[in-house]
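Visitor: Before anything else, here's the structure in question.
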Amino acid sequence: MGARVFISYAGPDVQQAKLVAKGLTSLGHDVFFAPQNLRSGDQIAGTLEREIKTRDALVLIASHNIVAKPYIEAEVAAAFNHRKRIIVLRRTDYLGSDEIDFRTKSAVWVNCGARVGDRDVRSVSRGLEEIASSKKIVVASLNLKGGTGKTTLCGNIFAAISEVSPQPVLMIDLDPQHNLTQLLLRTTRAERAREADRAVLSLFEPSQISDPVSESPANTMEIRTEDTRSQTSWEALIEQPQLPAGPSVALIVGQFEAAKYALSRDGASIDRALGRFRDSVGQLNELFPIIAIDVNPSASAFTDAALSVATHIVAPVMPNIHSYSGVKLLCQLLKLRGRNDLVGRIIPVLTDFPSRLTVAESDLINAIKDDPDFGARTLAVGIDHSNYLKPRNDDPQGLGYLRNNRVGTNVRTVASLLLEELRKDALEEAAQHPDRHSGAG
């Protein structure tokens, strides 16, 4: 069964909108397209808002023609207020609008060149299908051995997931070294976000972005846990990386000041802060069906935080025994914490193994795949050359898979296999607990 869709567009783009409406209808979706569906005598503004409220998604044709158009802003605001999924067909002549861009931070963005084509319509259709099929998934990118490439893989693989199966993906930078933030944002932009409390500590503590407080949690070693949560929208906390094409990703900026959690002796305050984090991630999961959390490699309060919300763990394993030992140690930690369910949801990703293996490397792969805890979840395809995925200096387009076609094909293949594994568990859980709502949008 197709989705119920509202097409939003500016008057000069009516022929493009007509193409989109016709294409989506032919693909089985129920489309509201004003020239065809409005009747004489309808109160236009009221009718359009009622239609948006009853639809599954709003598809916006974003060109320079929509900028400063009150009726477009009203339609996007209606979809935003009713928490409808928004899919943006972004043409190259669209240079942004503060009013619209704020309300589309959890949207699917389809880059379509100078004009919308049939291929773009098919991408929109796949995104609409995800609304019905997607389940809430939270993945921790984690290996207790440092230097395994978890941050680089997290950024590239989850961005690729948002492409191969069009849906919004949120990344949370939970490592005080904030390498994921450096991968996705320019330093100056990340600093502006931190100065305004639009960063990860606002998931744990009252801050200027979320509560009526006078001091940022980054300016004190005290862990503040008073419950004064306001109704500030999550979009105010989220950054959208400026990527050249493809992925629909959003980011919660990491910050070094989060290291205070490693130094605190106030266990009660940390526990309350972790409870607030769990609530925050639960609400964000309503906007983003897939959340990826980059976690620092040493066991800490952030390890606890990530594991408390994770449905899965992605663990990169490089061709050395130490990175495999880091995953084994993670299993022991989970078992000690009574999280045997999560042990079975560790998904190893083989990284940088050469095409011609030494005897030791071959034995290591066999040991990983034969591991009784997680071996069966090892992805059939690994990442070939993670060094190509790393950012270049202060590169805002630091996702390497977007720069190299061969590497990009490899990463997208891994992303597809990983998504299949993630969904398998979500579908099994939904079958076991049909009373639980787990859809997106």
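Chain identifiers are assigned as A, B, and so on, following the order in which chains appear in the structure tokens; residues are numbered from 1 within each chain, and ligands are numbered from 1 in order of appearance.
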With only C-alpha atoms as the counted atoms, please give the residues lying no more than 9 Å from region 137-139 of chain A, apart from itself and same-chain residues fewer than 3 positions off, as a ChimeraX atom specification.
Guide: /A:134,281,285,288-294,306-307,309-314,422-423,426
Visitor: Export N, CA and C atoms of the chosen residues as a PDB file, in the first residue's frame?
Guide:
ATOM      1  N   SER A 134      10.041   1.396   8.278  1.00  0.00           N
ATOM      2  CA  SER A 134      11.186   1.604   9.158  1.00  0.00           C
ATOM      3  C   SER A 134      10.818   1.404  10.627  1.00  0.00           C
ATOM      4  N   VAL A 281      17.091  10.650  23.838  1.00  0.00           N
ATOM      5  CA  VAL A 281      17.266   9.795  22.665  1.00  0.00           C
ATOM      6  C   VAL A 281      15.932   9.187  22.245  1.00  0.00           C
ATOM      7  N   ASN A 285      14.348   9.672  18.576  1.00  0.00           N
ATOM      8  CA  ASN A 285      14.052   8.500  17.754  1.00  0.00           C
ATOM      9  C   ASN A 285      12.689   8.610  17.076  1.00  0.00           C
ATOM     10  N   PHE A 288      13.965  10.559  14.001  1.00  0.00           N
ATOM     11  CA  PHE A 288      14.971   9.860  13.207  1.00  0.00           C
ATOM     12  C   PHE A 288      14.855   8.359  13.472  1.00  0.00           C
ATOM     13  N   PRO A 289      14.357   7.584  12.510  1.00  0.00           N
ATOM     14  CA  PRO A 289      14.200   6.150  12.742  1.00  0.00           C
ATOM     15  C   PRO A 289      15.519   5.435  12.992  1.00  0.00           C
ATOM     16  N   ILE A 290      16.621   6.009  12.515  1.00  0.00           N
ATOM     17  CA  ILE A 290      17.932   5.429  12.784  1.00  0.00           C
ATOM     18  C   ILE A 290      18.817   6.483  13.442  1.00  0.00           C
ATOM     19  N   ILE A 291      19.366   6.138  14.598  1.00  0.00           N
ATOM     20  CA  ILE A 291      20.318   6.991  15.308  1.00  0.00           C
ATOM     21  C   ILE A 291      21.617   6.213  15.468  1.00  0.00           C
ATOM     22  N   ALA A 292      22.733   6.838  15.107  1.00  0.00           N
ATOM     23  CA  ALA A 292      24.055   6.232  15.281  1.00  0.00           C
ATOM     24  C   ALA A 292      24.831   7.049  16.308  1.00  0.00           C
ATOM     25  N   ILE A 293      25.376   6.361  17.308  1.00  0.00           N
ATOM     26  CA  ILE A 293      26.094   7.034  18.388  1.00  0.00           C
ATOM     27  C   ILE A 293      27.566   6.632  18.331  1.00  0.00           C
ATOM     28  N   ASP A 294      28.438   7.609  18.152  1.00  0.00           N
ATOM     29  CA  ASP A 294      29.874   7.346  18.176  1.00  0.00           C
ATOM     30  C   ASP A 294      30.355   7.450  19.619  1.00  0.00           C
ATOM     31  N   ALA A 306      25.445   5.039  26.035  1.00  0.00           N
ATOM     32  CA  ALA A 306      25.182   4.474  24.707  1.00  0.00           C
ATOM     33  C   ALA A 306      24.560   3.091  24.809  1.00  0.00           C
ATOM     34  N   LEU A 307      25.094   2.254  25.688  1.00  0.00           N
ATOM     35  CA  LEU A 307      24.581   0.886  25.805  1.00  0.00           C
ATOM     36  C   LEU A 307      23.168   0.863  26.383  1.00  0.00           C
ATOM     37  N   VAL A 309      20.756   2.757  25.579  1.00  0.00           N
ATOM     38  CA  VAL A 309      19.748   3.067  24.551  1.00  0.00           C
ATOM     39  C   VAL A 309      19.947   2.253  23.275  1.00  0.00           C
ATOM     40  N   ALA A 310      21.086   1.575  23.157  1.00  0.00           N
ATOM     41  CA  ALA A 310      21.414   0.898  21.900  1.00  0.00           C
ATOM     42  C   ALA A 310      20.537  -0.319  21.668  1.00  0.00           C
ATOM     43  N   THR A 311      20.100  -0.467  20.422  1.00  0.00           N
ATOM     44  CA  THR A 311      19.469  -1.721  20.000  1.00  0.00           C
ATOM     45  C   THR A 311      20.510  -2.643  19.358  1.00  0.00           C
ATOM     46  N   HIS A 312      21.626  -2.060  18.892  1.00  0.00           N
ATOM     47  CA  HIS A 312      22.689  -2.807  18.234  1.00  0.00           C
ATOM     48  C   HIS A 312      24.037  -2.125  18.484  1.00  0.00           C
ATOM     49  N   ILE A 313      25.104  -2.878  18.258  1.00  0.00           N
ATOM     50  CA  ILE A 313      26.461  -2.337  18.299  1.00  0.00           C
ATOM     51  C   ILE A 313      27.161  -2.701  16.997  1.00  0.00           C
ATOM     52  N   VAL A 314      27.750  -1.705  16.343  1.00  0.00           N
ATOM     53  CA  VAL A 314      28.608  -1.961  15.190  1.00  0.00           C
ATOM     54  C   VAL A 314      30.043  -1.859  15.670  1.00  0.00           C
ATOM     55  N   LEU A 422      20.194  -4.937  10.760  1.00  0.00           N
ATOM     56  CA  LEU A 422      19.469  -4.124  11.739  1.00  0.00           C
ATOM     57  C   LEU A 422      17.967  -4.369  11.647  1.00  0.00           C
ATOM     58  N   ARG A 423      17.468  -4.446  10.436  1.00  0.00           N
ATOM     59  CA  ARG A 423      16.033  -4.619  10.248  1.00  0.00           C
ATOM     60  C   ARG A 423      15.563  -6.011  10.654  1.00  0.00           C
ATOM     61  N   ALA A 426      14.689  -5.877  14.198  1.00  0.00           N
ATOM     62  CA  ALA A 426      13.539  -5.006  14.438  1.00  0.00           C
ATOM     63  C   ALA A 426      12.245  -5.690  14.016  1.00  0.00           C
TER      64      ALA A 426
END
Visitor: Find the residues around region 2-13 of chain A up to 9 Å (only C-alpha atoms counted), leave out those fewer than 4 positions away in its own chain, and share them as a ChimeraX atom specification.
Guide: /A:17-18,20-21,24-25,27-34,48,51-52,54-63,65-66,69,71-72,75-76,125,128-129,131-132
Visitor: Separation of CA of Arg85 (chain A) and CA of Leu284 (chain A), in Å?
Guide: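 These atoms are spaced 13.7 Å apart.
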Visitor: Considering only strand (DSSP E or B) as DSSP defines it on the backbone, what residues of region 62-234 of chain A qualify? List them as a list in words.
Guide: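 Here are the strand (DSSP E or B) residues of region 62-234 of chain A: Ala62, Arg85, Ile86, Ile87, Val88, Leu89, Arg90, Val108, Trp109, Val110, Asn111, Ile137, Val138, Val139, Ala140, Ser141, Val169, Leu170, Met171, Ile172, Asp173 and Ala199 of chain A.
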Visitor: CA of Ile87 (chain A) and CA of Ala107 (chain A), how far apart in Å?
Guide: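 It comes out at 5.5 Å.
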Visitor: Would you compute the distance between CA of Met171 (chain A) and CA of Val343 (chain A)? Give it in Å to one decimal.
Guide: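 Pair CA of Met171 (chain A) / CA of Val343 (chain A) returns 22.1 Å.
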Visitor: Pull the alpha helix (DSSP H) assignments for region 110-268 of chain A out of DSSP run on the backbone, and list those residues as a PyMOL selection string.
Guide: chain A and resi 118-133+150-164+179-184+187-195+260-263+267-268
Visitor: Print the selection's residues with C-alpha atoms to a file, as a JSON list (two decimals), in the first residue's frame.
Guide:
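The new file part-v9.json reads:
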[["chain", "number", "residue", "atom", "x", "y", "z"],
["A", 118, "ASP", "CA", 12.10, 10.22, -13.06],
["A", 119, "ARG", "CA", 15.05, 8.88, -11.05],
["A", 120, "ASP", "CA", 14.42, 11.51, -8.36],
["A", 121, "VAL", "CA", 10.74, 10.55, -8.20],
["A", 122, "ARG", "CA", 11.73, 6.92, -7.67],
["A", 123, "SER", "CA", 14.02, 8.03, -4.81],
["A", 124, "VAL", "CA", 11.09, 9.88, -3.24],
["A", 125, "SER", "CA", 8.96, 6.76, -3.62],
["A", 126, "ARG", "CA", 11.56, 4.66, -1.81],
["A", 127, "GLY", "CA", 11.65, 7.26, 0.96],
["A", 128, "LEU", "CA", 7.86, 7.10, 1.26],
["A", 129, "GLU", "CA", 8.01, 3.32, 1.52],
["A", 130, "GLU", "CA", 10.48, 3.69, 4.41],
["A", 131, "ILE", "CA", 7.87, 5.63, 6.39],
["A", 132, "ALA", "CA", 5.73, 2.52, 6.67],
["A", 133, "SER", "CA", 8.51, -0.04, 7.03],
["A", 150, "LYS", "CA", 34.97, 3.37, 14.50],
["A", 151, "THR", "CA", 34.39, 7.13, 14.00],
["A", 152, "THR", "CA", 35.33, 7.08, 10.33],
["A", 153, "LEU", "CA", 33.13, 4.05, 9.72],
["A", 154, "CYS", "CA", 30.25, 5.51, 11.73],
["A", 155, "GLY", "CA", 30.18, 8.68, 9.66],
["A", 156, "ASN", "CA", 30.53, 7.05, 6.27],
["A", 157, "ILE", "CA", 28.41, 3.91, 6.70],
["A", 158, "PHE", "CA", 25.44, 5.62, 8.32],
["A", 159, "ALA", "CA", 25.48, 8.45, 5.80],
["A", 160, "ALA", "CA", 25.43, 5.77, 3.11],
["A", 161, "ILE", "CA", 22.47, 4.06, 4.83],
["A", 162, "SER", "CA", 20.48, 7.28, 4.47],
["A", 163, "GLU", "CA", 21.18, 7.09, 0.73],
["A", 164, "VAL", "CA", 20.62, 3.43, -0.08],
["A", 179, "ASN", "CA", 36.22, 13.37, 15.98],
["A", 180, "LEU", "CA", 32.85, 12.67, 14.34],
["A", 181, "THR", "CA", 32.03, 16.37, 14.53],
["A", 182, "GLN", "CA", 35.37, 17.16, 12.87],
["A", 183, "LEU", "CA", 34.46, 14.69, 10.13],
["A", 184, "LEU", "CA", 31.16, 16.42, 9.34],
["A", 187, "THR", "CA", 35.54, 23.87, 13.12],
["A", 188, "THR", "CA", 34.08, 27.39, 13.19],
["A", 189, "ARG", "CA", 30.54, 26.11, 12.75],
["A", 190, "ALA", "CA", 30.97, 23.48, 15.46],
["A", 191, "GLU", "CA", 32.31, 26.11, 17.84],
["A", 192, "ARG", "CA", 29.29, 28.35, 17.24],
["A", 193, "ALA", "CA", 27.03, 25.42, 18.07],
["A", 194, "ARG", "CA", 28.89, 24.72, 21.32],
["A", 195, "GLU", "CA", 28.80, 28.37, 22.38],
["A", 260, "LYS", "CA", 33.88, 16.08, 33.11],
["A", 261, "TYR", "CA", 31.80, 12.90, 33.34],
["A", 262, "ALA", "CA", 35.01, 10.87, 33.44],
["A", 263, "LEU", "CA", 36.27, 12.93, 36.38],
["A", 267, "GLY", "CA", 27.38, 8.83, 40.94],
["A", 268, "ALA", "CA", 23.82, 9.91, 41.78]]
Visitor: Considering only C-alpha atoms, can you say which of A:Ser264, A:Gly344, A:Thr351, A:Ser248 comes closest to Asp425 (chain A)?
Guide: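 Closest residue, counting only C-alpha atoms: A:Gly344.
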Visitor: Leaving out Glu99 (chain A) and any residue of its chain fewer than 4 positions from it, which residues lie within 9 Å of it when counting only C-alpha atoms, given as a list in words?
Guide: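 Near Glu99 (chain A), the qualifying residues are Val67, Ala68, Glu73, Ala77 and Arg103 of chain A.
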Visitor: At a cut-off of 12 Å, using only C-alpha atoms, what residues contact region 219-222 of chain A? Leave out same-chain residues fewer than 3 positions from it and give the result as an mmCIF file with C-alpha atoms, in the first residue's frame.
Guide:
data_model
loop_
_atom_site.group_PDB
_atom_site.id
_atom_site.type_symbol
_atom_site.label_atom_id
_atom_site.label_comp_id
_atom_site.auth_asym_id
_atom_site.auth_seq_id
_atom_site.Cartn_x
_atom_site.Cartn_y
_atom_site.Cartn_z
ATOM 1 C CA ARG A 194 28.892 24.717 21.323
ATOM 2 C CA GLU A 195 28.801 28.370 22.379
ATOM 3 C CA ALA A 196 25.006 28.317 21.984
ATOM 4 C CA ASP A 197 24.673 25.008 23.925
ATOM 5 C CA LEU A 201 25.821 18.009 26.918
ATOM 6 C CA GLU A 205 21.817 18.396 31.533
ATOM 7 C CA PRO A 206 19.715 21.566 31.542
ATOM 8 C CA SER A 207 21.228 24.092 29.159
ATOM 9 C CA GLN A 208 20.496 27.387 27.504
ATOM 10 C CA SER A 214 21.787 31.090 33.036
ATOM 11 C CA GLU A 215 24.893 28.920 32.819
ATOM 12 C CA SER A 216 26.001 26.401 30.215
ATOM 13 C CA THR A 225 20.322 17.560 36.949
ATOM 14 C CA GLU A 226 17.416 19.777 38.038
ATOM 15 C CA GLN A 255 32.372 18.698 22.893
ATOM 16 C CA PHE A 256 35.507 18.247 24.953
ATOM 17 C CA GLU A 257 33.793 19.582 28.098
ATOM 18 C CA ALA A 258 31.826 16.332 28.266
ATOM 19 C CA ALA A 259 35.027 14.820 29.699
ATOM 20 C CA LYS A 260 33.882 16.080 33.108
ATOM 21 C CA TYR A 261 31.798 12.905 33.337
ATOM 22 C CA ALA A 262 35.008 10.868 33.444
ATOM 23 C CA LEU A 263 36.266 12.926 36.380
ATOM 24 C CA SER A 264 33.103 13.191 38.459
ATOM 25 C CA ARG A 265 32.639 11.200 41.676
ATOM 26 C CA ASP A 266 28.949 12.146 41.905
ATOM 27 C CA GLY A 267 27.376 8.832 40.936
ATOM 28 C CA SER A 269 24.011 12.955 39.517
ATOM 29 C CA ILE A 270 25.524 10.884 36.710
ATOM 30 C CA ALA A 273 21.922 12.658 33.777
#
Visitor: Using only C-alpha atoms, which of A:Glu239, A:Ile368, A:Ser308, A:Ala250 sits nearest Asp271 (chain A)?
Guide: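 Going through A:Glu239, A:Ile368, A:Ser308, A:Ala250 one by one, the smallest distance to Asp271 (chain A) is for A:Ser308.
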Visitor: Could you tell me which of A:Asp352, A:Glu235, A:Glu428, A:Asp384 comes closest to Leu287 (chain A) if we count only C-alpha atoms?
Guide: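 Under the stated criterion, the closest residue is A:Glu235.
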Visitor: My list of candidates is A:Ala376, A:Leu38, A:Val407, A:Leu417. Which is closest to Lys390 (chain A) when distances are computed with only C-alpha atoms?
Guide: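 Of A:Ala376, A:Leu38, A:Val407, A:Leu417, the one nearest Lys390 (chain A), counting only C-alpha atoms, is A:Val407.
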